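input14.cif (mmCIF, N, CA and C atoms)
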```cif
data_query
loop_
_atom_site.label_atom_id
_atom_site.label_comp_id
_atom_site.auth_asym_id
_atom_site.auth_seq_id
_atom_site.Cartn_x
_atom_site.Cartn_y
_atom_site.Cartn_z
N MET M 697 -2.52 45.52 -38.60
CA MET M 697 -2.79 45.09 -37.24
C MET M 697 -2.55 43.58 -37.16
N GLY M 698 -1.75 43.13 -36.22
CA GLY M 698 -1.42 41.72 -36.09
C GLY M 698 -2.54 40.94 -35.42
N PRO M 699 -2.47 39.63 -35.50
CA PRO M 699 -3.52 38.82 -34.88
C PRO M 699 -3.51 38.96 -33.36
N MET M 700 -4.69 39.00 -32.79
CA MET M 700 -4.84 39.11 -31.35
C MET M 700 -5.66 37.93 -30.89
N PHE M 701 -5.13 37.16 -29.98
CA PHE M 701 -5.80 35.95 -29.49
C PHE M 701 -6.11 35.01 -30.64
N ASN M 702 -5.21 34.94 -31.61
CA ASN M 702 -5.39 34.11 -32.80
C ASN M 702 -6.62 34.52 -33.60
N MET M 703 -6.97 35.79 -33.54
CA MET M 703 -8.12 36.30 -34.28
C MET M 703 -7.63 37.39 -35.23
N GLY M 704 -8.09 37.33 -36.45
CA GLY M 704 -7.76 38.37 -37.41
C GLY M 704 -8.71 39.54 -37.28
N LEU M 705 -8.50 40.55 -38.09
CA LEU M 705 -9.33 41.75 -38.03
C LEU M 705 -10.77 41.44 -38.40
N SER M 706 -10.98 40.59 -39.39
CA SER M 706 -12.34 40.28 -39.81
C SER M 706 -13.11 39.54 -38.72
N GLU M 707 -12.45 38.64 -38.00
CA GLU M 707 -13.14 37.93 -36.91
C GLU M 707 -13.50 38.89 -35.77
N MET M 708 -12.60 39.85 -35.50
CA MET M 708 -12.89 40.81 -34.44
C MET M 708 -14.06 41.72 -34.81
N ILE M 709 -14.14 42.11 -36.08
CA ILE M 709 -15.25 42.95 -36.53
C ILE M 709 -16.57 42.18 -36.43
N ILE M 710 -16.56 40.94 -36.83
CA ILE M 710 -17.77 40.11 -36.74
C ILE M 710 -18.20 39.96 -35.29
N LEU M 711 -17.25 39.74 -34.40
CA LEU M 711 -17.55 39.60 -32.98
C LEU M 711 -18.12 40.90 -32.41
N ALA M 712 -17.56 42.05 -32.82
CA ALA M 712 -18.05 43.35 -32.34
C ALA M 712 -19.47 43.61 -32.82
N VAL M 713 -19.75 43.32 -34.07
CA VAL M 713 -21.10 43.50 -34.61
C VAL M 713 -22.08 42.59 -33.90
N PHE M 714 -21.70 41.35 -33.69
CA PHE M 714 -22.56 40.40 -32.98
C PHE M 714 -22.86 40.89 -31.56
N ALA M 715 -21.80 41.34 -30.84
CA ALA M 715 -22.00 41.85 -29.48
C ALA M 715 -22.90 43.08 -29.49
N LEU M 716 -22.74 43.94 -30.48
CA LEU M 716 -23.57 45.14 -30.57
C LEU M 716 -25.02 44.77 -30.80
N LEU M 717 -25.27 43.77 -31.62
CA LEU M 717 -26.65 43.34 -31.89
C LEU M 717 -27.27 42.64 -30.68
N VAL M 718 -26.51 41.78 -30.00
CA VAL M 718 -27.06 41.00 -28.90
C VAL M 718 -27.19 41.86 -27.64
N ILE M 719 -26.17 42.62 -27.31
CA ILE M 719 -26.16 43.37 -26.05
C ILE M 719 -26.83 44.73 -26.20
N GLY M 720 -26.62 45.36 -27.31
CA GLY M 720 -27.19 46.69 -27.53
C GLY M 720 -26.16 47.77 -27.31
N PRO M 721 -26.35 48.91 -27.97
CA PRO M 721 -25.35 49.97 -27.90
C PRO M 721 -25.25 50.64 -26.53
N LYS M 722 -26.30 50.63 -25.76
CA LYS M 722 -26.27 51.30 -24.45
C LYS M 722 -25.50 50.48 -23.41
N GLN M 723 -25.65 49.17 -23.45
CA GLN M 723 -25.02 48.32 -22.43
C GLN M 723 -23.66 47.79 -22.85
N LEU M 724 -23.29 47.94 -24.10
CA LEU M 724 -22.02 47.39 -24.59
C LEU M 724 -20.80 47.93 -23.84
N PRO M 725 -20.68 49.24 -23.60
CA PRO M 725 -19.50 49.71 -22.84
C PRO M 725 -19.43 49.14 -21.43
N GLU M 726 -20.59 49.02 -20.76
CA GLU M 726 -20.60 48.46 -19.40
C GLU M 726 -20.21 46.99 -19.41
N VAL M 727 -20.71 46.23 -20.36
CA VAL M 727 -20.37 44.82 -20.47
C VAL M 727 -18.88 44.66 -20.79
N ALA M 728 -18.36 45.51 -21.65
CA ALA M 728 -16.93 45.45 -22.00
C ALA M 728 -16.08 45.73 -20.76
N ARG M 729 -16.49 46.72 -19.94
CA ARG M 729 -15.75 47.01 -18.71
C ARG M 729 -15.77 45.83 -17.75
N VAL M 730 -16.93 45.21 -17.60
CA VAL M 730 -17.05 44.05 -16.70
C VAL M 730 -16.17 42.91 -17.20
N ILE M 731 -16.19 42.66 -18.49
CA ILE M 731 -15.35 41.59 -19.05
C ILE M 731 -13.88 41.93 -18.85
N GLY M 732 -13.49 43.18 -19.04
CA GLY M 732 -12.11 43.61 -18.82
C GLY M 732 -11.68 43.40 -17.37
N ARG M 733 -12.56 43.77 -16.42
CA ARG M 733 -12.24 43.56 -15.00
C ARG M 733 -12.10 42.07 -14.68
N LEU M 734 -13.01 41.27 -15.22
CA LEU M 734 -12.94 39.82 -14.97
C LEU M 734 -11.64 39.23 -15.51
N LEU M 735 -11.25 39.65 -16.71
CA LEU M 735 -10.00 39.14 -17.28
C LEU M 735 -8.80 39.60 -16.46
N ASN M 736 -8.84 40.85 -15.97
CA ASN M 736 -7.75 41.36 -15.15
C ASN M 736 -7.67 40.60 -13.82
N ASP M 737 -8.83 40.37 -13.20
CA ASP M 737 -8.85 39.60 -11.95
C ASP M 737 -8.35 38.17 -12.17
N PHE M 738 -8.76 37.58 -13.28
CA PHE M 738 -8.32 36.22 -13.59
C PHE M 738 -6.81 36.18 -13.79
N LYS M 739 -6.28 37.18 -14.51
CA LYS M 739 -4.84 37.25 -14.74
C LYS M 739 -4.09 37.42 -13.42
N ARG M 740 -4.61 38.28 -12.54
CA ARG M 740 -3.97 38.50 -11.25
C ARG M 740 -4.01 37.23 -10.39
N ALA M 741 -5.15 36.54 -10.41
CA ALA M 741 -5.28 35.30 -9.61
C ALA M 741 -4.34 34.22 -10.12
N THR M 742 -4.22 34.08 -11.44
CA THR M 742 -3.31 33.06 -11.96
C THR M 742 -1.86 33.45 -11.68
N GLY M 743 -1.56 34.75 -11.69
CA GLY M 743 -0.21 35.19 -11.33
C GLY M 743 0.10 34.88 -9.88
N ASP M 744 -0.87 35.13 -8.99
CA ASP M 744 -0.68 34.80 -7.58
C ASP M 744 -0.51 33.31 -7.38
N LEU M 745 -1.29 32.52 -8.10
CA LEU M 745 -1.19 31.07 -8.00
C LEU M 745 0.18 30.60 -8.49
N SER M 746 0.66 31.18 -9.59
CA SER M 746 1.98 30.80 -10.11
C SER M 746 3.07 31.14 -9.11
N THR M 747 2.95 32.31 -8.46
CA THR M 747 3.92 32.71 -7.44
C THR M 747 3.88 31.75 -6.26
N THR M 748 2.70 31.38 -5.82
CA THR M 748 2.56 30.45 -4.70
C THR M 748 3.17 29.09 -5.04
N ILE M 749 2.91 28.61 -6.25
CA ILE M 749 3.46 27.32 -6.67
C ILE M 749 4.99 27.38 -6.71
N ALA M 750 5.53 28.49 -7.22
CA ALA M 750 7.00 28.64 -7.27
C ALA M 750 7.58 28.69 -5.86
N ASP M 751 6.89 29.37 -4.93
CA ASP M 751 7.37 29.43 -3.55
C ASP M 751 7.37 28.05 -2.89
N VAL M 752 6.31 27.30 -3.11
CA VAL M 752 6.23 25.95 -2.54
C VAL M 752 7.32 25.06 -3.14
N LYS M 753 7.55 25.20 -4.44
CA LYS M 753 8.59 24.40 -5.10
C LYS M 753 9.97 24.74 -4.53
N ASN M 754 10.24 26.03 -4.35
CA ASN M 754 11.52 26.44 -3.78
C ASN M 754 11.69 25.93 -2.35
N GLN M 755 10.62 26.00 -1.57
CA GLN M 755 10.69 25.52 -0.19
C GLN M 755 10.92 24.00 -0.17
N ALA M 756 10.26 23.28 -1.06
CA ALA M 756 10.45 21.82 -1.13
C ALA M 756 11.89 21.48 -1.52
N ASN M 757 12.45 22.22 -2.48
CA ASN M 757 13.84 21.98 -2.86
C ASN M 757 14.79 22.27 -1.70
N TYR M 758 14.52 23.34 -0.96
CA TYR M 758 15.36 23.68 0.19
C TYR M 758 15.29 22.56 1.24
N LEU M 759 14.08 22.09 1.54
CA LEU M 759 13.93 21.03 2.54
C LEU M 759 14.60 19.74 2.06
N LYS M 760 14.52 19.45 0.78
CA LYS M 760 15.17 18.26 0.23
C LYS M 760 16.68 18.36 0.38
N GLN M 761 17.25 19.51 0.04
CA GLN M 761 18.69 19.69 0.18
C GLN M 761 19.12 19.61 1.64
N LYS M 762 18.31 20.18 2.52
CA LYS M 762 18.62 20.15 3.95
C LYS M 762 18.59 18.70 4.46
N ALA M 763 17.59 17.91 4.02
CA ALA M 763 17.49 16.51 4.44
C ALA M 763 18.67 15.70 3.89
N GLU M 764 19.05 15.95 2.64
CA GLU M 764 20.20 15.23 2.06
C GLU M 764 21.48 15.58 2.81
N GLN M 765 21.65 16.84 3.17
CA GLN M 765 22.84 17.26 3.91
C GLN M 765 22.87 16.61 5.29
N THR M 766 21.73 16.58 5.96
CA THR M 766 21.67 15.95 7.28
C THR M 766 21.97 14.46 7.18
N LEU M 767 21.43 13.81 6.16
CA LEU M 767 21.68 12.38 5.96
C LEU M 767 23.16 12.13 5.68
N ARG M 768 23.77 12.98 4.82
CA ARG M 768 25.20 12.84 4.54
C ARG M 768 26.03 12.99 5.81
N GLU M 769 25.68 13.98 6.62
CA GLU M 769 26.43 14.21 7.86
C GLU M 769 26.29 13.03 8.81
N LYS M 770 25.09 12.43 8.87
CA LYS M 770 24.89 11.25 9.73
C LYS M 770 25.73 10.09 9.25
N VAL M 771 25.74 9.86 7.94
CA VAL M 771 26.50 8.74 7.38
C VAL M 771 27.99 8.97 7.61
N GLU M 772 28.46 10.20 7.43
CA GLU M 772 29.87 10.50 7.66
C GLU M 772 30.23 10.33 9.13
N ALA M 773 29.32 10.66 10.03
CA ALA M 773 29.60 10.52 11.46
C ALA M 773 29.66 9.04 11.85
N GLU M 774 28.85 8.20 11.20
CA GLU M 774 28.84 6.77 11.51
C GLU M 774 30.02 6.04 10.84
N ASN M 775 30.44 6.48 9.68
CA ASN M 775 31.54 5.85 8.93
C ASN M 775 32.61 6.90 8.64
N PRO M 776 33.44 7.25 9.61
CA PRO M 776 34.41 8.31 9.37
C PRO M 776 35.53 7.92 8.41
N ALA M 777 35.83 6.64 8.24
CA ALA M 777 36.94 6.21 7.38
C ALA M 777 36.40 5.59 6.09
N SER M 778 35.50 6.26 5.42
CA SER M 778 34.98 5.71 4.17
C SER M 778 36.03 5.85 3.09
N PRO M 779 36.09 4.94 2.12
CA PRO M 779 37.14 4.96 1.10
C PRO M 779 37.11 6.21 0.23
N GLU M 780 35.95 6.82 0.03
CA GLU M 780 35.90 7.99 -0.83
C GLU M 780 36.63 9.17 -0.21
N GLN M 781 36.70 9.21 1.11
CA GLN M 781 37.26 10.38 1.77
C GLN M 781 38.60 10.10 2.44
N SER M 782 39.09 8.88 2.38
CA SER M 782 40.36 8.59 3.04
C SER M 782 41.49 9.20 2.24
N PRO M 783 42.48 9.79 2.91
CA PRO M 783 43.58 10.43 2.17
C PRO M 783 44.43 9.43 1.40
N SER M 784 44.53 8.19 1.86
CA SER M 784 45.35 7.21 1.16
C SER M 784 44.74 6.82 -0.18
N ALA M 785 43.42 6.86 -0.29
CA ALA M 785 42.77 6.50 -1.54
C ALA M 785 43.10 7.50 -2.64
N ALA M 786 43.31 8.75 -2.26
CA ALA M 786 43.62 9.76 -3.26
C ALA M 786 45.07 9.67 -3.71
N THR M 787 45.97 9.15 -2.86
CA THR M 787 47.39 9.11 -3.21
C THR M 787 47.82 7.78 -3.79
N GLU M 788 46.97 6.76 -3.76
CA GLU M 788 47.34 5.46 -4.31
C GLU M 788 47.44 5.55 -5.82
N PRO M 789 48.47 4.88 -6.41
CA PRO M 789 48.58 4.93 -7.87
C PRO M 789 47.45 4.13 -8.51
N ALA M 790 47.13 4.51 -9.71
CA ALA M 790 46.07 3.82 -10.43
C ALA M 790 46.55 2.42 -10.81
N ALA M 791 45.63 1.47 -10.84
CA ALA M 791 45.99 0.09 -11.19
C ALA M 791 46.38 0.04 -12.65
N LYS M 792 47.37 -0.86 -12.95
CA LYS M 792 47.83 -1.02 -14.33
C LYS M 792 46.75 -1.74 -15.11
N PRO M 793 46.52 -1.33 -16.34
CA PRO M 793 45.51 -2.03 -17.14
C PRO M 793 46.00 -3.42 -17.49
N THR M 794 45.10 -4.38 -17.41
CA THR M 794 45.46 -5.76 -17.74
C THR M 794 45.33 -5.94 -19.25
N PRO M 795 46.25 -6.64 -19.87
CA PRO M 795 46.19 -6.83 -21.32
C PRO M 795 45.00 -7.71 -21.69
N ASP M 796 44.42 -7.42 -22.81
CA ASP M 796 43.30 -8.17 -23.33
C ASP M 796 43.84 -9.41 -24.03
N PRO M 797 43.46 -10.62 -23.59
CA PRO M 797 44.01 -11.83 -24.20
C PRO M 797 43.61 -11.99 -25.67
N ASP M 798 42.52 -11.40 -26.09
CA ASP M 798 42.08 -11.53 -27.48
C ASP M 798 42.86 -10.64 -28.43
N SER M 799 43.41 -9.56 -27.91
CA SER M 799 44.12 -8.65 -28.81
C SER M 799 45.56 -9.12 -28.98
N LYS M 800 46.13 -8.89 -30.15
CA LYS M 800 47.50 -9.29 -30.44
C LYS M 800 48.43 -8.16 -30.08
N SER M 801 49.49 -8.48 -29.39
CA SER M 801 50.50 -7.46 -29.10
C SER M 801 51.58 -7.52 -30.17
N GLU M 802 52.46 -6.57 -30.16
CA GLU M 802 53.51 -6.53 -31.18
C GLU M 802 54.51 -7.68 -31.01
N ASP M 803 54.64 -8.23 -29.82
CA ASP M 803 55.60 -9.31 -29.58
C ASP M 803 55.13 -10.63 -30.17
N GLN M 804 53.84 -10.83 -30.35
CA GLN M 804 53.32 -12.11 -30.79
C GLN M 804 53.29 -12.24 -32.31
N THR M 805 53.64 -11.26 -33.05
CA THR M 805 53.57 -11.35 -34.52
C THR M 805 54.70 -12.11 -35.13
#
```

Kindly return the structure encoded in the file as structure tokens.
Amino acid sequence: MGPMFNMGLSEMIILAVFALLVIGPKQLPEVARVIGRLLNDFKRATGDLSTTIADVKNQANYLKQKAEQTLREKVEAENPASPEQSPSAATEPAAKPTPDPDSKSEDQT
């Protein structure tokens, strides 16, 4: 049997004996059921909370993207001839690299 909740078999047996002594054999099944229900409710509540957090995060990302898109559209409407989008900027040849004065070329040797 593998470890459960980082507890080995011996720790689980000690815990069961302790619970049997403290709670008693008549009430032990009822207490175990109540603890099981509480753990199940806790698990369900944390799952619901995780889902809610994920939904809020997704909605925030959507609103952020929508705001960025609106801002981009406003900027493009105000500056229709921006250099990034002008057709001439895409067709212009790249500038020639300037020679580095510190480096020696083959002609200077």

- Query: Please, what distance in Å, to one decimal, runs between atom C of Ala715 (chain M) and CA of Ala741 (chain M)?
  - Reply: 27.7 Å

- Message: Report, in Å to a single decimal, how far apart CA of Lys770 (chain M) and CA of Gln755 (chain M) are.
- Response: 22.4 Å

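Put simply, CA of Ala773 (chain M) is 18.2 Å away from CA of Gln761 (chain M).
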